[in-house]
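Enquirer: You'll find upload19.pdb just under this line, and it carries PDB, C-alpha atoms.
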ATOM      1  CA  MET D   1      37.352  49.970 -27.801  1.00  0.00           C
ATOM      2  CA  GLU D   2      37.151  49.187 -31.503  1.00  0.00           C
ATOM      3  CA  PRO D   3      39.514  46.430 -32.695  1.00  0.00           C
ATOM      4  CA  ASP D   4      41.583  48.722 -34.962  1.00  0.00           C
ATOM      5  CA  ARG D   5      41.982  51.284 -32.193  1.00  0.00           C
ATOM      6  CA  TYR D   6      42.926  48.546 -29.754  1.00  0.00           C
ATOM      7  CA  VAL D   7      45.677  47.200 -32.019  1.00  0.00           C
ATOM      8  CA  THR D   8      47.202  50.684 -32.284  1.00  0.00           C
ATOM      9  CA  PHE D   9      46.794  51.320 -28.560  1.00  0.00           C
ATOM     10  CA  ALA D  10      48.362  47.965 -27.608  1.00  0.00           C
ATOM     11  CA  ALA D  11      51.306  48.565 -29.958  1.00  0.00           C
ATOM     12  CA  GLN D  12      51.926  52.007 -28.452  1.00  0.00           C
ATOM     13  CA  VAL D  13      51.722  50.629 -24.919  1.00  0.00           C
ATOM     14  CA  ARG D  14      54.153  47.814 -25.725  1.00  0.00           C
ATOM     15  CA  ALA D  15      56.546  50.320 -27.329  1.00  0.00           C
ATOM     16  CA  GLN D  16      56.404  52.388 -24.141  1.00  0.00           C
ATOM     17  CA  LEU D  17      57.200  49.259 -22.118  1.00  0.00           C
ATOM     18  CA  LEU D  18      60.307  48.815 -24.267  1.00  0.00           C
ATOM     19  CA  GLU D  19      61.316  52.389 -23.395  1.00  0.00           C
ATOM     20  CA  ILE D  20      60.770  51.619 -19.716  1.00  0.00           C
ATOM     21  CA  ALA D  21      62.872  48.449 -20.045  1.00  0.00           C
ATOM     22  CA  ALA D  22      65.690  50.520 -21.585  1.00  0.00           C
ATOM     23  CA  ILE D  23      65.521  52.913 -18.632  1.00  0.00           C
ATOM     24  CA  TYR D  24      65.788  49.955 -16.263  1.00  0.00           C
ATOM     25  CA  ASP D  25      68.920  48.880 -18.169  1.00  0.00           C
ATOM     26  CA  ARG D  26      70.391  52.363 -17.659  1.00  0.00           C
ATOM     27  CA  ILE D  27      69.437  52.219 -13.964  1.00  0.00           C
ATOM     28  CA  ASP D  28      71.336  48.945 -13.635  1.00  0.00           C
ATOM     29  CA  ALA D  29      74.401  50.512 -15.277  1.00  0.00           C
ATOM     30  CA  ARG D  30      74.241  53.747 -13.250  1.00  0.00           C
ATOM     31  CA  GLU D  31      73.926  51.871  -9.998  1.00  0.00           C
ATOM     32  CA  ARG D  32      77.518  50.664 -10.454  1.00  0.00           C
ATOM     33  CA  VAL D  33      78.923  54.206 -10.853  1.00  0.00           C
ATOM     34  CA  PRO D  34      80.448  55.325  -7.521  1.00  0.00           C
ATOM     35  CA  GLY D  35      80.295  58.711  -5.855  1.00  0.00           C
ATOM     36  CA  PRO D  36      78.093  61.787  -6.145  1.00  0.00           C
ATOM     37  CA  ALA D  37      78.108  61.754  -9.954  1.00  0.00           C
ATOM     38  CA  GLY D  38      76.874  58.155  -9.923  1.00  0.00           C
ATOM     39  CA  ARG D  39      74.101  59.026  -7.459  1.00  0.00           C
ATOM     40  CA  GLU D  40      73.031  62.003  -9.564  1.00  0.00           C
ATOM     41  CA  SER D  41      73.022  59.932 -12.751  1.00  0.00           C
ATOM     42  CA  LEU D  42      71.030  57.184 -11.050  1.00  0.00           C
ATOM     43  CA  ALA D  43      68.581  59.764  -9.681  1.00  0.00           C
ATOM     44  CA  LEU D  44      68.064  61.132 -13.186  1.00  0.00           C
ATOM     45  CA  GLN D  45      67.262  57.644 -14.513  1.00  0.00           C
ATOM     46  CA  LEU D  46      64.768  57.083 -11.690  1.00  0.00           C
ATOM     47  CA  HIS D  47      63.245  60.441 -12.632  1.00  0.00           C
ATOM     48  CA  ASN D  48      63.053  59.215 -16.225  1.00  0.00           C
ATOM     49  CA  LEU D  49      61.480  55.942 -15.107  1.00  0.00           C
ATOM     50  CA  TYR D  50      58.545  57.710 -13.505  1.00  0.00           C
ATOM     51  CA  SER D  51      58.225  60.071 -16.463  1.00  0.00           C
ATOM     52  CA  ALA D  52      58.018  57.072 -18.817  1.00  0.00           C
ATOM     53  CA  ALA D  53      55.430  55.371 -16.587  1.00  0.00           C
ATOM     54  CA  GLU D  54      53.438  58.589 -16.536  1.00  0.00           C
ATOM     55  CA  GLY D  55      53.659  58.692 -20.333  1.00  0.00           C
ATOM     56  CA  LEU D  56      52.129  55.219 -20.356  1.00  0.00           C
ATOM     57  CA  PHE D  57      49.279  56.412 -18.130  1.00  0.00           C
ATOM     58  CA  GLU D  58      48.689  59.397 -20.402  1.00  0.00           C
ATOM     59  CA  MET D  59      48.317  56.945 -23.315  1.00  0.00           C
ATOM     60  CA  VAL D  60      45.678  55.056 -21.348  1.00  0.00           C
ATOM     61  CA  ALA D  61      43.833  58.238 -20.427  1.00  0.00           C
ATOM     62  CA  ASP D  62      43.923  59.502 -24.012  1.00  0.00           C
ATOM     63  CA  ALA D  63      42.812  56.172 -25.491  1.00  0.00           C
ATOM     64  CA  CYS D  64      39.888  55.966 -23.092  1.00  0.00           C
ATOM     65  CA  GLU D  65      38.991  59.666 -23.317  1.00  0.00           C
ATOM     66  CA  ASN D  66      39.627  59.878 -19.615  1.00  0.00           C
ATOM     67  CA  HIS D  67      41.621  63.103 -19.570  1.00  0.00           C
ATOM     68  CA  VAL D  68      43.093  64.680 -16.471  1.00  0.00           C
ATOM     69  CA  GLU D  69      43.135  68.448 -16.387  1.00  0.00           C
ATOM     70  CA  ALA D  70      46.550  70.080 -16.224  1.00  0.00           C
ATOM     71  CA  GLY D  71      47.263  71.892 -13.007  1.00  0.00           C
ATOM     72  CA  ALA D  72      49.266  71.834  -9.826  1.00  0.00           C
ATOM     73  CA  SER D  73      48.101  68.332  -8.876  1.00  0.00           C
ATOM     74  CA  TYR D  74      48.206  66.846 -12.396  1.00  0.00           C
ATOM     75  CA  HIS D  75      50.785  64.162 -11.626  1.00  0.00           C
ATOM     76  CA  THR D  76      49.039  62.975  -8.466  1.00  0.00           C
ATOM     77  CA  SER D  77      45.621  63.102 -10.126  1.00  0.00           C
ATOM     78  CA  LEU D  78      46.759  61.078 -13.119  1.00  0.00           C
ATOM     79  CA  LEU D  79      48.289  58.374 -10.928  1.00  0.00           C
ATOM     80  CA  ARG D  80      45.193  58.175  -8.724  1.00  0.00           C
ATOM     81  CA  ARG D  81      42.948  58.070 -11.772  1.00  0.00           C
ATOM     82  CA  MET D  82      44.889  55.099 -13.140  1.00  0.00           C
ATOM     83  CA  ARG D  83      44.224  53.213  -9.898  1.00  0.00           C
ATOM     84  CA  VAL D  84      40.455  53.441 -10.476  1.00  0.00           C
ATOM     85  CA  ALA D  85      38.530  51.229 -12.884  1.00  0.00           C
ATOM     86  CA  VAL D  86      36.017  53.124 -15.005  1.00  0.00           C
ATOM     87  CA  PRO D  87      33.140  50.681 -15.587  1.00  0.00           C
ATOM     88  CA  GLY D  88      32.323  50.211 -19.239  1.00  0.00           C
ATOM     89  CA  ILE D  89      35.402  52.197 -20.308  1.00  0.00           C
ATOM     90  CA  ARG D  90      38.573  50.670 -18.885  1.00  0.00           C
ATOM     91  CA  PRO D  91      39.906  48.613 -16.001  1.00  0.00           C
ATOM     92  CA  ALA D  92      42.309  50.044 -13.453  1.00  0.00           C
ATOM     93  CA  ALA D  93      45.750  50.464 -14.997  1.00  0.00           C
ATOM     94  CA  VAL D  94      47.607  50.425 -11.661  1.00  0.00           C
ATOM     95  CA  SER D  95      47.295  47.674  -9.055  1.00  0.00           C
ATOM     96  CA  ASP D  96      47.295  48.017  -5.282  1.00  0.00           C
ATOM     97  CA  GLU D  97      50.828  46.587  -5.363  1.00  0.00           C
ATOM     98  CA  SER D  98      52.146  49.145  -7.855  1.00  0.00           C
ATOM     99  CA  MET D  99      50.432  52.249  -6.491  1.00  0.00           C
ATOM    100  CA  PRO D 100      52.717  52.971  -3.492  1.00  0.00           C
ATOM    101  CA  LEU D 101      55.816  52.098  -5.535  1.00  0.00           C
ATOM    102  CA  LEU D 102      54.816  54.503  -8.297  1.00  0.00           C
ATOM    103  CA  ASP D 103      53.976  57.158  -5.725  1.00  0.00           C
ATOM    104  CA  THR D 104      57.471  56.838  -4.230  1.00  0.00           C
ATOM    105  CA  LEU D 105      58.943  57.396  -7.709  1.00  0.00           C
ATOM    106  CA  ARG D 106      56.582  60.317  -8.368  1.00  0.00           C
ATOM    107  CA  ARG D 107      57.627  62.053  -5.157  1.00  0.00           C
ATOM    108  CA  PHE D 108      61.302  61.352  -5.847  1.00  0.00           C
ATOM    109  CA  ARG D 109      60.991  62.812  -9.336  1.00  0.00           C
ATOM    110  CA  HIS D 110      59.713  66.002  -7.730  1.00  0.00           C
ATOM    111  CA  VAL D 111      62.772  66.073  -5.453  1.00  0.00           C
ATOM    112  CA  VAL D 112      65.136  65.566  -8.408  1.00  0.00           C
ATOM    113  CA  ARG D 113      63.428  68.323 -10.395  1.00  0.00           C
ATOM    114  CA  HIS D 114      63.437  70.853  -7.586  1.00  0.00           C
ATOM    115  CA  ALA D 115      66.598  70.122  -5.592  1.00  0.00           C
ATOM    116  CA  TYR D 116      68.771  72.642  -7.403  1.00  0.00           C
ATOM    117  CA  SER D 117      71.471  73.022  -4.783  1.00  0.00           C
ATOM    118  CA  ALA D 118      70.976  69.947  -2.632  1.00  0.00           C
ATOM    119  CA  GLY D 119      72.773  66.721  -3.352  1.00  0.00           C
ATOM    120  CA  ILE D 120      71.070  63.366  -3.695  1.00  0.00           C
ATOM    121  CA  ASP D 121      70.547  61.672  -0.321  1.00  0.00           C
ATOM    122  CA  GLY D 122      72.039  58.171  -0.555  1.00  0.00           C
ATOM    123  CA  ARG D 123      69.553  56.735   1.965  1.00  0.00           C
ATOM    124  CA  GLN D 124      66.590  58.077   0.049  1.00  0.00           C
ATOM    125  CA  LEU D 125      68.087  56.811  -3.199  1.00  0.00           C
ATOM    126  CA  ARG D 126      68.368  53.283  -1.756  1.00  0.00           C
ATOM    127  CA  ILE D 127      64.682  53.314  -0.765  1.00  0.00           C
ATOM    128  CA  VAL D 128      63.622  54.531  -4.198  1.00  0.00           C
ATOM    129  CA  MET D 129      65.818  51.908  -5.870  1.00  0.00           C
ATOM    130  CA  GLU D 130      64.218  49.153  -3.810  1.00  0.00           C
ATOM    131  CA  ASP D 131      60.759  50.340  -4.864  1.00  0.00           C
ATOM    132  CA  ALA D 132      61.841  50.654  -8.512  1.00  0.00           C
ATOM    133  CA  ARG D 133      63.093  47.054  -8.486  1.00  0.00           C
ATOM    134  CA  THR D 134      59.850  45.820  -6.941  1.00  0.00           C
ATOM    135  CA  LEU D 135      57.828  47.864  -9.409  1.00  0.00           C
ATOM    136  CA  ARG D 136      59.295  46.332 -12.553  1.00  0.00           C
ATOM    137  CA  PRO D 137      57.471  42.964 -12.531  1.00  0.00           C
ATOM    138  CA  ALA D 138      54.369  44.526 -10.964  1.00  0.00           C
ATOM    139  CA  LEU D 139      54.102  47.163 -13.695  1.00  0.00           C
ATOM    140  CA  TRP D 140      54.508  44.516 -16.396  1.00  0.00           C
ATOM    141  CA  ARG D 141      51.695  42.480 -14.788  1.00  0.00           C
ATOM    142  CA  ASP D 142      49.507  45.585 -14.578  1.00  0.00           C
ATOM    143  CA  VAL D 143      50.024  46.436 -18.241  1.00  0.00           C
ATOM    144  CA  GLU D 144      49.415  42.877 -19.424  1.00  0.00           C
ATOM    145  CA  ALA D 145      46.215  42.715 -17.352  1.00  0.00           C
ATOM    146  CA  LEU D 146      45.091  46.073 -18.753  1.00  0.00           C
ATOM    147  CA  LEU D 147      45.695  45.000 -22.348  1.00  0.00           C
ATOM    148  CA  THR D 148      43.963  41.662 -21.788  1.00  0.00           C
ATOM    149  CA  ASP D 149      40.938  43.295 -20.158  1.00  0.00           C
ATOM    150  CA  MET D 150      40.678  45.939 -22.877  1.00  0.00           C
ATOM    151  CA  GLU D 151      41.079  43.520 -25.792  1.00  0.00           C
ATOM    152  CA  PRO D 152      37.910  43.528 -27.898  1.00  0.00           C
ATOM    153  CA  THR D 153      35.855  40.358 -27.904  1.00  0.00           C
ATOM    154  CA  ASP D 154      34.308  38.774 -30.978  1.00  0.00           C
ATOM    155  CA  SER D 155      30.737  39.155 -29.788  1.00  0.00           C
TER     156      SER D 155
END
What's the structure tokens form of this structure?
Expert:
Amino acid sequence: MEPDRYVTFAAQVRAQLLEIAAIYDRIDARERVPGPAGRESLALQLHNLYSAAEGLFEMVADACENHVEAGASYHTSLLRRMRVAVPGIRPAAVSDESMPLLDTLRRFRHVVRHAYSAGIDGRQLRIVMEDARTLRPALWRDVEALLTDMEPTDS
């Protein structure tokens, strides 16, 4: 990647990380709200967390001209694509540690989007919250490694 493009890309990625950090702050606040309304609000923020992570992955795909075709399996395909390094183009954007955690959030987002009449299952919410907490430092490490590996060299 050309140095000017990299600077723009890195700035956009870091801005997206700030958005993700803000969502984590809202998750922390919503977790203290009791009852069904609190669970629903927390579920929405977990939905937003995966959406923001997916937005980050779309930035990577766009910057590396590694597009994923829209379709029924778009979300799964994008996540799987980010797990794979593309030699000469980009390193993997998602580590082995982060992959199952992100997949839990992806599947939960689908539940939140399509559970029109069902309430949020408290047990499932606890599992997703545990994975979201574990994901936070792992995702930061993944992004820092990605940016470091993609940084242009002076050769």
Enquirer: Could you please give me, as a ChimeraX atom specification, the residues of protein, DNA or RNA lying at most 10 Å from (76.0, 57.1, 0.6) in the coordinate frame of the file, considering all atoms listed in the file?
Expert: /D:34-36,39,120-126
Enquirer: Quote the spacing between CA of Gln12 (chain D) and CA of Ile89 (chain D) in Å to one decimal place.
Expert: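 Computed distance, CA of Gln12 (chain D) to CA of Ile89 (chain D), equals 18.4 Å.
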Enquirer: Write out as number ranges by chain which residues come within 10 Å of Val13 (chain D) when counting only C-alpha atoms, dropping same-chain ones fewer than 3 positions away.
Expert: D: 7-10, 16-19, 55-57, 59-60, 143-144, 147
Enquirer: Could you write those residues out with C-alpha atoms, as a short mmCIF file (atom, residue, chain, number, x, y, z; two decimals), in the coordinates of the input?
Expert:
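Heads up, here's the output in again-v1.cif:
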data_model
loop_
_atom_site.label_atom_id
_atom_site.label_comp_id
_atom_site.auth_asym_id
_atom_site.auth_seq_id
_atom_site.Cartn_x
_atom_site.Cartn_y
_atom_site.Cartn_z
CA VAL D 7 45.68 47.20 -32.02
CA THR D 8 47.20 50.68 -32.28
CA PHE D 9 46.79 51.32 -28.56
CA ALA D 10 48.36 47.96 -27.61
CA GLN D 16 56.40 52.39 -24.14
CA LEU D 17 57.20 49.26 -22.12
CA LEU D 18 60.31 48.82 -24.27
CA GLU D 19 61.32 52.39 -23.40
CA GLY D 55 53.66 58.69 -20.33
CA LEU D 56 52.13 55.22 -20.36
CA PHE D 57 49.28 56.41 -18.13
CA MET D 59 48.32 56.94 -23.32
CA VAL D 60 45.68 55.06 -21.35
CA VAL D 143 50.02 46.44 -18.24
CA GLU D 144 49.42 42.88 -19.42
CA LEU D 147 45.70 45.00 -22.35
#
Enquirer: CA of Ala53 (chain D) and CA of Ala21 (chain D), how far apart in Å?
Expert: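 Calculated distance between CA of Ala21 (chain D) and CA of Ala53 (chain D) is 10.7 Å.
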Enquirer: Hey, can you check how far CA of Leu42 (chain D) sits from CA of Ile27 (chain D)?
Expert: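 It comes out at 6.0 Å.
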Enquirer: Counting all atoms listed in the file, what is within 7 Å of region 101-117 of chain D, bar same-chain residues fewer than 2 positions away, as JSON, numbers by chain?
Expert: {"D": [43, 47, 50, 98, 99, 119, 128, 131, 132, 135]}
Enquirer: Of the candidates D:Leu79, D:Glu65, D:Leu46, D:Tyr6, which shows the shortest atom-to-atom distance to Ile127 (chain D), using only C-alpha atoms?
Expert: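 Of D:Leu79, D:Glu65, D:Leu46, D:Tyr6, the one nearest Ile127 (chain D), counting only C-alpha atoms, is D:Leu46.
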Enquirer: For Trp140 (chain D), which residue among D:Pro100, D:Gly88, D:Glu40, D:Ser95 is the nearest when counting only C-alpha atoms?
Expert: D:Ser95
